[in-house]
>>> print(open('my_file_24.csv').read())   # CSV, C-alpha atoms
chain,number,residue,atom,x,y,z
A,1,MET,CA,0.0,0.0,0.0
A,2,ARG,CA,1.4,3.3,-1.0
A,3,ASP,CA,1.9,5.7,1.8
A,4,PRO,CA,-0.3,8.7,0.9
A,5,ARG,CA,2.2,11.2,2.4
A,6,ARG,CA,5.0,10.2,-0.1
A,7,ASP,CA,5.7,12.6,-2.9
A,8,PRO,CA,5.3,11.5,-6.5
A,9,SER,CA,9.0,10.3,-6.6
A,10,GLY,CA,8.4,8.1,-3.6
A,11,ASP,CA,11.6,9.5,-2.0
A,12,LYS,CA,10.2,11.7,0.8
A,13,LEU,CA,7.6,11.4,3.5
A,14,ALA,CA,5.6,14.6,4.0
A,15,PRO,CA,5.5,15.9,7.6
A,16,LYS,CA,2.3,15.2,9.5
A,17,ALA,CA,1.5,18.9,9.7
A,18,VAL,CA,1.7,19.2,5.9
A,19,VAL,CA,-0.6,16.3,5.4
A,20,GLY,CA,-3.1,17.8,7.9
A,21,ARG,CA,-3.1,21.1,6.0
A,22,VAL,CA,-3.6,19.3,2.7
A,23,SER,CA,-6.8,17.8,4.2
A,24,LEU,CA,-7.9,21.3,5.1
A,25,TYR,CA,-7.1,22.6,1.6
A,26,LEU,CA,-9.1,19.8,0.1
A,27,ARG,CA,-12.2,20.5,2.2
A,28,GLN,CA,-12.0,24.2,1.5
A,29,LEU,CA,-11.6,23.7,-2.3
A,30,GLU,CA,-14.7,21.5,-2.2
A,31,THR,CA,-16.5,24.3,-0.5
A,32,PHE,CA,-15.4,26.8,-3.2
A,33,GLN,CA,-16.4,24.4,-5.9
A,34,ARG,CA,-19.9,24.1,-4.5
A,35,GLN,CA,-20.1,27.9,-4.5
A,36,GLY,CA,-19.3,27.9,-8.2
A,37,GLN,CA,-15.7,29.1,-8.1
A,38,THR,CA,-13.4,27.6,-10.7
A,39,THR,CA,-10.0,29.1,-9.8
A,40,ILE,CA,-8.3,30.0,-6.6
A,41,SER,CA,-5.2,31.8,-5.5
A,42,SER,CA,-2.9,30.7,-2.6
A,43,SER,CA,-3.9,34.0,-0.9
A,44,GLN,CA,-7.6,33.2,-1.2
A,45,LEU,CA,-7.2,29.6,-0.1
A,46,GLY,CA,-5.0,30.6,2.8
A,47,ALA,CA,-7.2,33.4,4.0
A,48,ALA,CA,-10.2,31.1,4.2
A,49,LEU,CA,-8.2,28.8,6.6
A,50,ALA,CA,-6.1,31.5,8.4
A,51,ILE,CA,-2.9,30.0,6.8
A,52,HIS,CA,-0.3,32.3,5.2
A,53,ASN,CA,-0.3,32.1,1.4
A,54,ALA,CA,3.4,31.3,1.4
A,55,GLN,CA,2.7,28.2,3.5
A,56,VAL,CA,0.0,27.1,1.1
A,57,ARG,CA,2.3,27.4,-1.8
A,58,LYS,CA,5.1,25.6,0.1
A,59,ASP,CA,2.8,22.7,1.1
A,60,LEU,CA,1.4,22.2,-2.4
A,61,ALA,CA,4.9,22.4,-4.0
A,62,PHE,CA,6.0,19.6,-1.8
A,63,PHE,CA,4.0,17.3,-4.0
A,64,GLY,CA,4.5,18.9,-7.4
A,65,GLN,CA,3.5,22.0,-9.4
A,66,PHE,CA,-0.2,22.6,-9.6
A,67,GLY,CA,-0.6,26.4,-10.3
A,68,TYR,CA,-0.8,28.4,-13.5
A,69,PRO,CA,0.9,31.9,-13.8
A,70,GLY,CA,-1.7,34.6,-13.8
A,71,ILE,CA,-4.5,32.1,-12.9
A,72,GLY,CA,-3.6,30.4,-9.7
A,73,TYR,CA,-5.0,26.9,-9.2
A,74,ARG,CA,-7.8,25.3,-11.2
A,75,ILE,CA,-10.1,23.9,-8.6
A,76,GLU,CA,-11.3,21.0,-10.8
A,77,GLU,CA,-7.7,19.9,-11.2
A,78,LEU,CA,-6.4,20.5,-7.7
A,79,ILE,CA,-9.2,18.6,-5.9
A,80,PRO,CA,-8.5,15.2,-7.6
A,81,ALA,CA,-4.7,15.8,-7.3
A,82,LEU,CA,-5.1,16.3,-3.5
A,83,GLN,CA,-7.3,13.3,-3.3
A,84,ARG,CA,-4.6,11.2,-5.0
A,85,ILE,CA,-2.0,12.6,-2.6
A,86,LEU,CA,-4.1,11.6,0.4
A,87,GLY,CA,-4.9,8.2,-1.1
A,88,ILE,CA,-8.6,8.8,-1.0
A,89,ASP,CA,-9.2,8.8,-4.7
A,90,ARG,CA,-10.8,5.4,-4.4
A,91,ASP,CA,-13.1,3.6,-1.9
A,92,LEU,CA,-11.2,2.3,1.2
A,93,PRO,CA,-12.7,-0.6,3.2
A,94,LEU,CA,-12.4,-0.4,6.9
A,95,ALA,CA,-12.6,-2.9,9.8
A,96,LEU,CA,-14.1,-1.6,13.0
A,97,VAL,CA,-12.9,-3.5,16.1
A,98,GLY,CA,-14.8,-3.0,19.3
A,99,LEU,CA,-18.6,-2.3,19.4
A,100,GLY,CA,-18.8,-0.5,22.8
A,101,ASN,CA,-20.3,2.9,23.1
A,102,LEU,CA,-17.5,4.6,21.1
A,103,GLY,CA,-17.4,1.9,18.5
A,104,ARG,CA,-21.2,2.2,17.8
A,105,ALA,CA,-20.9,6.0,17.6
A,106,LEU,CA,-18.1,5.6,15.1
A,107,LEU,CA,-20.2,3.2,13.1
A,108,ARG,CA,-22.9,5.9,12.8
A,109,TYR,CA,-20.5,8.6,11.8
A,110,ARG,CA,-21.3,9.5,8.2
A,111,GLY,CA,-18.1,11.4,7.7
A,112,PHE,CA,-16.2,8.2,6.9
A,113,ARG,CA,-18.4,7.4,4.0
A,114,SER,CA,-18.4,10.9,2.6
A,115,ARG,CA,-14.6,10.7,2.3
A,116,GLY,CA,-14.5,7.3,0.7
A,117,PHE,CA,-14.0,5.2,3.8
A,118,HIS,CA,-16.5,2.3,4.1
A,119,ILE,CA,-16.8,0.1,7.2
A,120,VAL,CA,-17.1,-3.4,5.7
A,121,ALA,CA,-16.3,-5.6,8.8
A,122,LEU,CA,-17.2,-5.5,12.5
A,123,PHE,CA,-15.4,-7.4,15.2
A,124,ASP,CA,-15.9,-7.9,18.9
A,125,ASN,CA,-15.1,-10.5,21.6
A,126,ASP,CA,-18.3,-10.1,23.6
A,127,PRO,CA,-20.6,-13.0,23.0
A,128,GLN,CA,-23.6,-10.8,23.5
A,129,LYS,CA,-22.5,-8.6,20.6
A,130,VAL,CA,-21.2,-11.2,18.2
A,131,GLY,CA,-23.9,-12.1,15.7
A,132,ARG,CA,-25.8,-8.9,16.0
A,133,THR,CA,-26.4,-6.7,12.9
A,134,HIS,CA,-25.5,-3.1,12.6
A,135,ASP,CA,-26.2,-1.2,9.3
A,136,GLY,CA,-26.4,-4.5,7.5
A,137,LEU,CA,-23.1,-5.8,8.9
A,138,VAL,CA,-22.9,-8.8,11.3
A,139,VAL,CA,-20.6,-8.5,14.3
A,140,GLU,CA,-18.0,-11.2,13.9
A,141,PRO,CA,-15.8,-12.8,16.6
A,142,ILE,CA,-12.2,-11.8,16.7
A,143,GLU,CA,-11.2,-15.3,15.7
A,144,ALA,CA,-12.8,-14.8,12.3
A,145,MET,CA,-10.7,-11.7,11.7
A,146,ALA,CA,-8.0,-13.2,9.4
A,147,LYS,CA,-10.5,-14.8,7.1
A,148,ILE,CA,-12.8,-11.8,6.8
A,149,VAL,CA,-10.1,-9.2,6.4
A,150,ALA,CA,-8.6,-11.2,3.5
A,151,ALA,CA,-11.9,-11.9,1.9
A,152,ARG,CA,-13.0,-8.2,2.0
A,153,SER,CA,-9.6,-6.8,1.0
A,154,VAL,CA,-9.3,-4.7,4.2
A,155,THR,CA,-6.0,-2.9,4.9
A,156,LEU,CA,-7.3,-0.2,7.4
A,157,ALA,CA,-8.8,-0.7,10.8
A,158,VAL,CA,-10.4,1.4,13.5
A,159,LEU,CA,-9.5,0.1,17.0
A,160,SER,CA,-12.0,1.1,19.8
A,161,VAL,CA,-11.3,-1.5,22.4
A,162,PRO,CA,-10.2,-1.2,26.1
A,163,GLY,CA,-6.6,-0.4,26.7
A,164,GLU,CA,-5.8,-3.7,28.4
A,165,VAL,CA,-6.5,-5.6,25.2
A,166,ALA,CA,-5.5,-3.1,22.6
A,167,GLN,CA,-2.0,-4.4,22.0
A,168,ARG,CA,-3.1,-7.9,21.6
A,169,VAL,CA,-5.9,-7.0,19.2
A,170,ALA,CA,-3.4,-4.8,17.3
A,171,ASP,CA,-1.1,-7.7,16.9
A,172,GLN,CA,-3.9,-9.8,15.5
A,173,LEU,CA,-4.8,-7.0,13.0
A,174,VAL,CA,-1.2,-6.8,11.9
A,175,SER,CA,-0.9,-10.6,11.4
A,176,CYS,CA,-4.0,-10.4,9.3
A,177,GLY,CA,-2.4,-7.9,6.9
A,178,ILE,CA,-3.8,-4.6,8.2
A,179,LEU,CA,-1.4,-1.8,7.2
A,180,GLY,CA,-3.0,1.2,9.0
A,181,ILE,CA,-4.7,1.5,12.4
A,182,MET,CA,-6.7,4.4,13.9
A,183,ASN,CA,-6.2,3.8,17.6
A,184,PHE,CA,-8.9,5.1,20.0
A,185,ALA,CA,-7.5,2.9,22.9
A,186,PRO,CA,-5.7,5.1,25.5
A,187,ILE,CA,-2.3,3.3,25.1
A,188,PRO,CA,0.4,3.5,22.5
A,189,LEU,CA,0.7,0.6,20.2
A,190,ASN,CA,3.8,-1.3,19.3
A,191,VAL,CA,3.6,-2.3,15.6
A,192,PRO,CA,6.1,-3.0,12.8
A,193,PRO,CA,7.5,-0.1,10.8
A,194,SER,CA,5.4,-1.2,7.8
A,195,VAL,CA,2.2,-0.5,9.8
A,196,SER,CA,1.0,3.1,10.3
A,197,VAL,CA,-0.8,4.1,13.5
A,198,VAL,CA,-2.8,7.3,14.2
A,199,ALA,CA,-3.7,7.7,17.8
A,200,ILE,CA,-6.9,9.5,18.9
A,201,ASP,CA,-7.0,10.0,22.6
A,202,LEU,CA,-10.0,12.2,23.3
A,203,SER,CA,-8.9,13.1,26.9
A,204,ILE,CA,-5.5,14.4,25.6
A,205,GLN,CA,-7.3,16.5,23.0
A,206,LEU,CA,-9.5,18.0,25.8
A,207,GLU,CA,-6.5,18.6,27.9
A,208,HIS,CA,-4.9,20.5,25.0
A,209,LEU,CA,-8.1,22.5,24.6
A,210,ALA,CA,-8.2,23.3,28.3
A,211,TYR,CA,-4.6,24.5,28.1
A,212,LYS,CA,-5.3,26.7,25.1
A,213,VAL,CA,-8.3,28.3,26.8
A,214,GLN,CA,-6.3,28.9,30.0
A,215,ASN,CA,-3.4,30.5,28.1
A,216,THR,CA,-5.1,32.4,25.3
A,217,GLN,CA,-6.0,36.0,25.9
A,218,GLY,CA,-9.5,36.9,24.7
A,219,GLY,CA,-11.0,33.5,24.7
A,220,ILE,CA,-10.6,30.3,22.7
A,221,SER,CA,-8.3,30.1,19.7
A,222,TYR,CA,-8.1,27.5,17.0
A,223,VAL,CA,-6.5,24.3,18.4
A,224,GLY,CA,-4.0,23.1,15.8
>>> encode(input="my_file_24.csv", output="structure tokens")
Amino acid sequence: MRDPRRDPSGDKLAPKAVVGRVSLYLRQLETFQRQGQTTISSSQLGAALAIHNAQVRKDLAFFGQFGYPGIGYRIEELIPALQRILGIDRDLPLALVGLGNLGRALLRYRGFRSRGFHIVALFDNDPQKVGRTHDGLVVEPIEAMAKIVAARSVTLAVLSVPGEVAQRVADQLVSCGILGIMNFAPIPLNVPPSVSVVAIDLSIQLEHLAYKVQNTQGGISYVG
């Protein structure tokens, strides 16, 4: 699986902050397109996101040349280019592991589908949850993971299990061929270098927010 943060030559990995801003650029470009706009300058794109225009140009130039002198960027061309960079120019099947309160909330989150991510497999080790159906998907036991992940061509997983079992489940996911894990468990995961992990600890994010509120004059600022 190609790492979506690599540049077209495959030699460099884009910094996390750059990838995050590319996602913001893509969403803003889609907004401009819905409003009927066809071209955009780095200044206009940056102003909409409170990002300096020089930073916009630098971020986009990391992946290639997309602008036209005297025109700026053609939105209809830049949107699919950014989708390819992020690796979301195709449907991406997901496995969701853990159908507790958080897991069920994530299953109902429509933002995944709108960005091309489709949950195609559900797993849990609770006998009371295994066999139940959610959105047309049957909750499968953890023991069936290898067979189902292979059959449904899944390479990405969302992990929403208790911390005490997270590493063990992550090991099983890796052994099944999963290459990327979004980890909602409140512990760091130890995985091979070939596997990417994005950790989402909601309590840490709230602590970050509390810090920003406490230390920002005049109220809440954007938490980056």
>>> atom_distance(input="my_file_24.csv", atom1="atom CA of A:Leu78", atom2="atom CA of A:Leu13")
20.1 Å
>>> atom_distance(input="my_file_24.csv", atom1="atom CA of A:Pro80", atom2="atom CA of A:Phe117")
16.1 Å
>>> closest_residue(input="my_file_24.csv", among="A:Ala14, A:Val195, A:Leu102, A:Ile119", to="A:Lys58", atoms="all atoms listed in the file")
A:Ala14
>>> closest_residue(input="my_file_24.csv", among="A:Val158, A:Ile204, A:Arg110, A:Asn101", to="A:Phe123", atoms="only C-alpha atoms")
A:Val158
>>> atom_distance(input="my_file_24.csv", atom1="atom CA of A:Ile79", atom2="atom CA of A:Pro15")
20.1 Å
>>> closest_residue(input="my_file_24.csv", among="A:Leu107, A:Phe32, A:Asp59, A:Met182", to="A:Ala17", atoms="all atoms listed in the file")
A:Asp59
>>> closest_atom_pairs(input="my_file_24.csv", of="stretch 65-124 of chain A", to="stretch 35-42 of chain A", cutoff="6 Å", atoms="all atoms listed in the file", output="CSV")
residue,atom,partner,partner_atom,distance
A:Gly72,CA,A:Ser41,CA,4.7
A:Tyr73,CA,A:Ile40,CA,5.2
A:Arg74,CA,A:Thr39,CA,4.6
A:Ile75,CA,A:Thr39,CA,5.3
>>> closest_residue(input="my_file_24.csv", among="A:Leu206, A:Ile181, A:Ile88, A:Val138", to="A:Gly116", atoms="only C-alpha atoms")
A:Ile88
>>> residues_near_point(input="my_file_24.csv", point="(-7.4, 22.5, -0.8)", cutoff="12 Å", atoms="all atoms listed in the file", output="number ranges by chain")
A: 18-33, 39-42, 44-49, 51, 56-57, 59-60, 66, 73-83, 85-86
>>> residues_around(input="my_file_24.csv", residues="A:Ala144", least_positions_apart="2", cutoff="12 Å", atoms="all atoms listed in the file", output="list in words")
Val97, Ala121, Leu122, Phe123, Asp124, Asn125, Val130, Gly131, Val138, Val139, Glu140, Pro141, Ile142, Ala146, Lys147, Ile148, Val149, Ala150, Ala151, Gln172, Leu173 and Cys176 of chain A
>>> write_last_selection(input="my_file_24.csv", atoms="C-alpha atoms", output="mmCIF file, in the coordinates of the input")
data_model
loop_
_atom_site.group_PDB
_atom_site.id
_atom_site.type_symbol
_atom_site.label_atom_id
_atom_site.label_comp_id
_atom_site.auth_asym_id
_atom_site.auth_seq_id
_atom_site.Cartn_x
_atom_site.Cartn_y
_atom_site.Cartn_z
ATOM 1 C CA VAL A 97 -12.900 -3.500 16.100
ATOM 2 C CA ALA A 121 -16.300 -5.600 8.800
ATOM 3 C CA LEU A 122 -17.200 -5.500 12.500
ATOM 4 C CA PHE A 123 -15.400 -7.400 15.200
ATOM 5 C CA ASP A 124 -15.900 -7.900 18.900
ATOM 6 C CA ASN A 125 -15.100 -10.500 21.600
ATOM 7 C CA VAL A 130 -21.200 -11.200 18.200
ATOM 8 C CA GLY A 131 -23.900 -12.100 15.700
ATOM 9 C CA VAL A 138 -22.900 -8.800 11.300
ATOM 10 C CA VAL A 139 -20.600 -8.500 14.300
ATOM 11 C CA GLU A 140 -18.000 -11.200 13.900
ATOM 12 C CA PRO A 141 -15.800 -12.800 16.600
ATOM 13 C CA ILE A 142 -12.200 -11.800 16.700
ATOM 14 C CA ALA A 146 -8.000 -13.200 9.400
ATOM 15 C CA LYS A 147 -10.500 -14.800 7.100
ATOM 16 C CA ILE A 148 -12.800 -11.800 6.800
ATOM 17 C CA VAL A 149 -10.100 -9.200 6.400
ATOM 18 C CA ALA A 150 -8.600 -11.200 3.500
ATOM 19 C CA ALA A 151 -11.900 -11.900 1.900
ATOM 20 C CA GLN A 172 -3.900 -9.800 15.500
ATOM 21 C CA LEU A 173 -4.800 -7.000 13.000
ATOM 22 C CA CYS A 176 -4.000 -10.400 9.300
#
>>> closest_residue(input="my_file_24.csv", among="A:Ser160, A:Val197, A:Ala166, A:Ala54", to="A:Phe184", atoms="all atoms listed in the file")
A:Ser160
>>> closest_residue(input="my_file_24.csv", among="A:Leu96, A:Leu202, A:Ala61, A:Val169", to="A:Thr155", atoms="only C-alpha atoms")
A:Leu96
>>> decode(input="my_file_24.csv", residues="stretch 70-82 of chain A", atoms="all heavy atoms", output="PDB file, in the first residue's frame")
ATOM      1  N   GLY A  70      -0.631  33.707 -13.445  1.00  0.00           N
ATOM      2  CA  GLY A  70      -1.721  34.616 -13.751  1.00  0.00           C
ATOM      3  C   GLY A  70      -3.106  34.046 -13.511  1.00  0.00           C
ATOM      4  O   GLY A  70      -4.100  34.766 -13.634  1.00  0.00           O
ATOM      5  N   ILE A  71      -3.191  32.779 -13.174  1.00  0.00           N
ATOM      6  CA  ILE A  71      -4.490  32.136 -12.949  1.00  0.00           C
ATOM      7  C   ILE A  71      -4.624  31.651 -11.517  1.00  0.00           C
ATOM      8  O   ILE A  71      -5.654  31.811 -10.875  1.00  0.00           O
ATOM      9  CB  ILE A  71      -4.696  30.943 -13.926  1.00  0.00           C
ATOM     10  CG1 ILE A  71      -4.743  31.450 -15.365  1.00  0.00           C
ATOM     11  CG2 ILE A  71      -5.975  30.184 -13.576  1.00  0.00           C
ATOM     12  CD1 ILE A  71      -4.841  30.330 -16.392  1.00  0.00           C
ATOM     13  N   GLY A  72      -3.570  31.040 -11.016  1.00  0.00           N
ATOM     14  CA  GLY A  72      -3.625  30.408  -9.704  1.00  0.00           C
ATOM     15  C   GLY A  72      -3.817  28.913  -9.869  1.00  0.00           C
ATOM     16  O   GLY A  72      -3.194  28.283 -10.729  1.00  0.00           O
ATOM     17  N   TYR A  73      -4.706  28.366  -9.098  1.00  0.00           N
ATOM     18  CA  TYR A  73      -4.979  26.923  -9.165  1.00  0.00           C
ATOM     19  C   TYR A  73      -6.364  26.694  -9.757  1.00  0.00           C
ATOM     20  O   TYR A  73      -7.324  27.372  -9.397  1.00  0.00           O
ATOM     21  CB  TYR A  73      -4.924  26.306  -7.762  1.00  0.00           C
ATOM     22  CG  TYR A  73      -3.619  26.510  -7.050  1.00  0.00           C
ATOM     23  CD1 TYR A  73      -3.486  27.512  -6.094  1.00  0.00           C
ATOM     24  CD2 TYR A  73      -2.512  25.701  -7.334  1.00  0.00           C
ATOM     25  CE1 TYR A  73      -2.286  27.707  -5.428  1.00  0.00           C
ATOM     26  CE2 TYR A  73      -1.308  25.884  -6.665  1.00  0.00           C
ATOM     27  CZ  TYR A  73      -1.201  26.897  -5.720  1.00  0.00           C
ATOM     28  OH  TYR A  73      -0.006  27.091  -5.068  1.00  0.00           O
ATOM     29  N   ARG A  74      -6.456  25.738 -10.680  1.00  0.00           N
ATOM     30  CA  ARG A  74      -7.760  25.334 -11.209  1.00  0.00           C
ATOM     31  C   ARG A  74      -8.364  24.324 -10.233  1.00  0.00           C
ATOM     32  O   ARG A  74      -7.812  23.244 -10.031  1.00  0.00           O
ATOM     33  CB  ARG A  74      -7.616  24.748 -12.604  1.00  0.00           C
ATOM     34  CG  ARG A  74      -7.212  25.781 -13.656  1.00  0.00           C
ATOM     35  CD  ARG A  74      -7.404  25.228 -15.055  1.00  0.00           C
ATOM     36  NE  ARG A  74      -7.192  26.253 -16.054  1.00  0.00           N
ATOM     37  CZ  ARG A  74      -6.110  26.371 -16.825  1.00  0.00           C
ATOM     38  NH1 ARG A  74      -5.125  25.476 -16.694  1.00  0.00           N
ATOM     39  NH2 ARG A  74      -5.996  27.329 -17.715  1.00  0.00           N
ATOM     40  N   ILE A  75      -9.483  24.682  -9.657  1.00  0.00           N
ATOM     41  CA  ILE A  75     -10.073  23.864  -8.596  1.00  0.00           C
ATOM     42  C   ILE A  75     -10.412  22.467  -9.088  1.00  0.00           C
ATOM     43  O   ILE A  75     -10.187  21.483  -8.387  1.00  0.00           O
ATOM     44  CB  ILE A  75     -11.312  24.573  -8.011  1.00  0.00           C
ATOM     45  CG1 ILE A  75     -10.880  25.845  -7.260  1.00  0.00           C
ATOM     46  CG2 ILE A  75     -12.095  23.640  -7.078  1.00  0.00           C
ATOM     47  CD1 ILE A  75     -12.021  26.668  -6.710  1.00  0.00           C
ATOM     48  N   GLU A  76     -10.937  22.352 -10.295  1.00  0.00           N
ATOM     49  CA  GLU A  76     -11.333  21.039 -10.810  1.00  0.00           C
ATOM     50  C   GLU A  76     -10.135  20.117 -11.021  1.00  0.00           C
ATOM     51  O   GLU A  76     -10.299  18.894 -11.092  1.00  0.00           O
ATOM     52  CB  GLU A  76     -12.117  21.186 -12.112  1.00  0.00           C
ATOM     53  CG  GLU A  76     -11.288  21.735 -13.271  1.00  0.00           C
ATOM     54  CD  GLU A  76     -12.080  21.760 -14.572  1.00  0.00           C
ATOM     55  OE1 GLU A  76     -13.270  21.365 -14.559  1.00  0.00           O
ATOM     56  OE2 GLU A  76     -11.511  22.178 -15.593  1.00  0.00           O
ATOM     57  N   GLU A  77      -8.939  20.679 -11.117  1.00  0.00           N
ATOM     58  CA  GLU A  77      -7.727  19.881 -11.250  1.00  0.00           C
ATOM     59  C   GLU A  77      -7.074  19.620  -9.892  1.00  0.00           C
ATOM     60  O   GLU A  77      -6.544  18.540  -9.647  1.00  0.00           O
ATOM     61  CB  GLU A  77      -6.721  20.582 -12.163  1.00  0.00           C
ATOM     62  CG  GLU A  77      -7.171  20.719 -13.607  1.00  0.00           C
ATOM     63  CD  GLU A  77      -6.155  21.459 -14.454  1.00  0.00           C
ATOM     64  OE1 GLU A  77      -5.078  21.839 -13.913  1.00  0.00           O
ATOM     65  OE2 GLU A  77      -6.434  21.670 -15.652  1.00  0.00           O
ATOM     66  N   LEU A  78      -7.125  20.617  -9.017  1.00  0.00           N
ATOM     67  CA  LEU A  78      -6.431  20.496  -7.742  1.00  0.00           C
ATOM     68  C   LEU A  78      -7.144  19.529  -6.796  1.00  0.00           C
ATOM     69  O   LEU A  78      -6.481  18.787  -6.050  1.00  0.00           O
ATOM     70  CB  LEU A  78      -6.297  21.873  -7.086  1.00  0.00           C
ATOM     71  CG  LEU A  78      -5.390  21.963  -5.853  1.00  0.00           C
ATOM     72  CD1 LEU A  78      -4.010  21.389  -6.130  1.00  0.00           C
ATOM     73  CD2 LEU A  78      -5.288  23.406  -5.359  1.00  0.00           C
ATOM     74  N   ILE A  79      -8.470  19.499  -6.824  1.00  0.00           N
ATOM     75  CA  ILE A  79      -9.200  18.586  -5.935  1.00  0.00           C
ATOM     76  C   ILE A  79      -8.803  17.135  -6.175  1.00  0.00           C
ATOM     77  O   ILE A  79      -8.405  16.434  -5.230  1.00  0.00           O
ATOM     78  CB  ILE A  79     -10.723  18.785  -6.059  1.00  0.00           C
ATOM     79  CG1 ILE A  79     -11.139  20.077  -5.349  1.00  0.00           C
ATOM     80  CG2 ILE A  79     -11.483  17.598  -5.469  1.00  0.00           C
ATOM     81  CD1 ILE A  79     -12.613  20.414  -5.482  1.00  0.00           C
ATOM     82  N   PRO A  80      -8.886  16.610  -7.399  1.00  0.00           N
ATOM     83  CA  PRO A  80      -8.478  15.205  -7.591  1.00  0.00           C
ATOM     84  C   PRO A  80      -6.999  14.973  -7.323  1.00  0.00           C
ATOM     85  O   PRO A  80      -6.607  13.885  -6.886  1.00  0.00           O
ATOM     86  CB  PRO A  80      -8.841  14.917  -9.047  1.00  0.00           C
ATOM     87  CG  PRO A  80      -8.992  16.241  -9.699  1.00  0.00           C
ATOM     88  CD  PRO A  80      -9.449  17.181  -8.638  1.00  0.00           C
ATOM     89  N   ALA A  81      -6.153  15.993  -7.548  1.00  0.00           N
ATOM     90  CA  ALA A  81      -4.728  15.842  -7.252  1.00  0.00           C
ATOM     91  C   ALA A  81      -4.503  15.655  -5.754  1.00  0.00           C
ATOM     92  O   ALA A  81      -3.717  14.792  -5.339  1.00  0.00           O
ATOM     93  CB  ALA A  81      -3.954  17.065  -7.758  1.00  0.00           C
ATOM     94  N   LEU A  82      -5.207  16.441  -4.943  1.00  0.00           N
ATOM     95  CA  LEU A  82      -5.068  16.306  -3.492  1.00  0.00           C
ATOM     96  C   LEU A  82      -5.680  14.996  -3.003  1.00  0.00           C
ATOM     97  O   LEU A  82      -5.168  14.386  -2.058  1.00  0.00           O
ATOM     98  CB  LEU A  82      -5.704  17.499  -2.783  1.00  0.00           C
ATOM     99  CG  LEU A  82      -5.106  18.879  -3.079  1.00  0.00           C
ATOM    100  CD1 LEU A  82      -5.681  19.928  -2.147  1.00  0.00           C
ATOM    101  CD2 LEU A  82      -3.582  18.854  -2.982  1.00  0.00           C
TER     102      LEU A  82
END
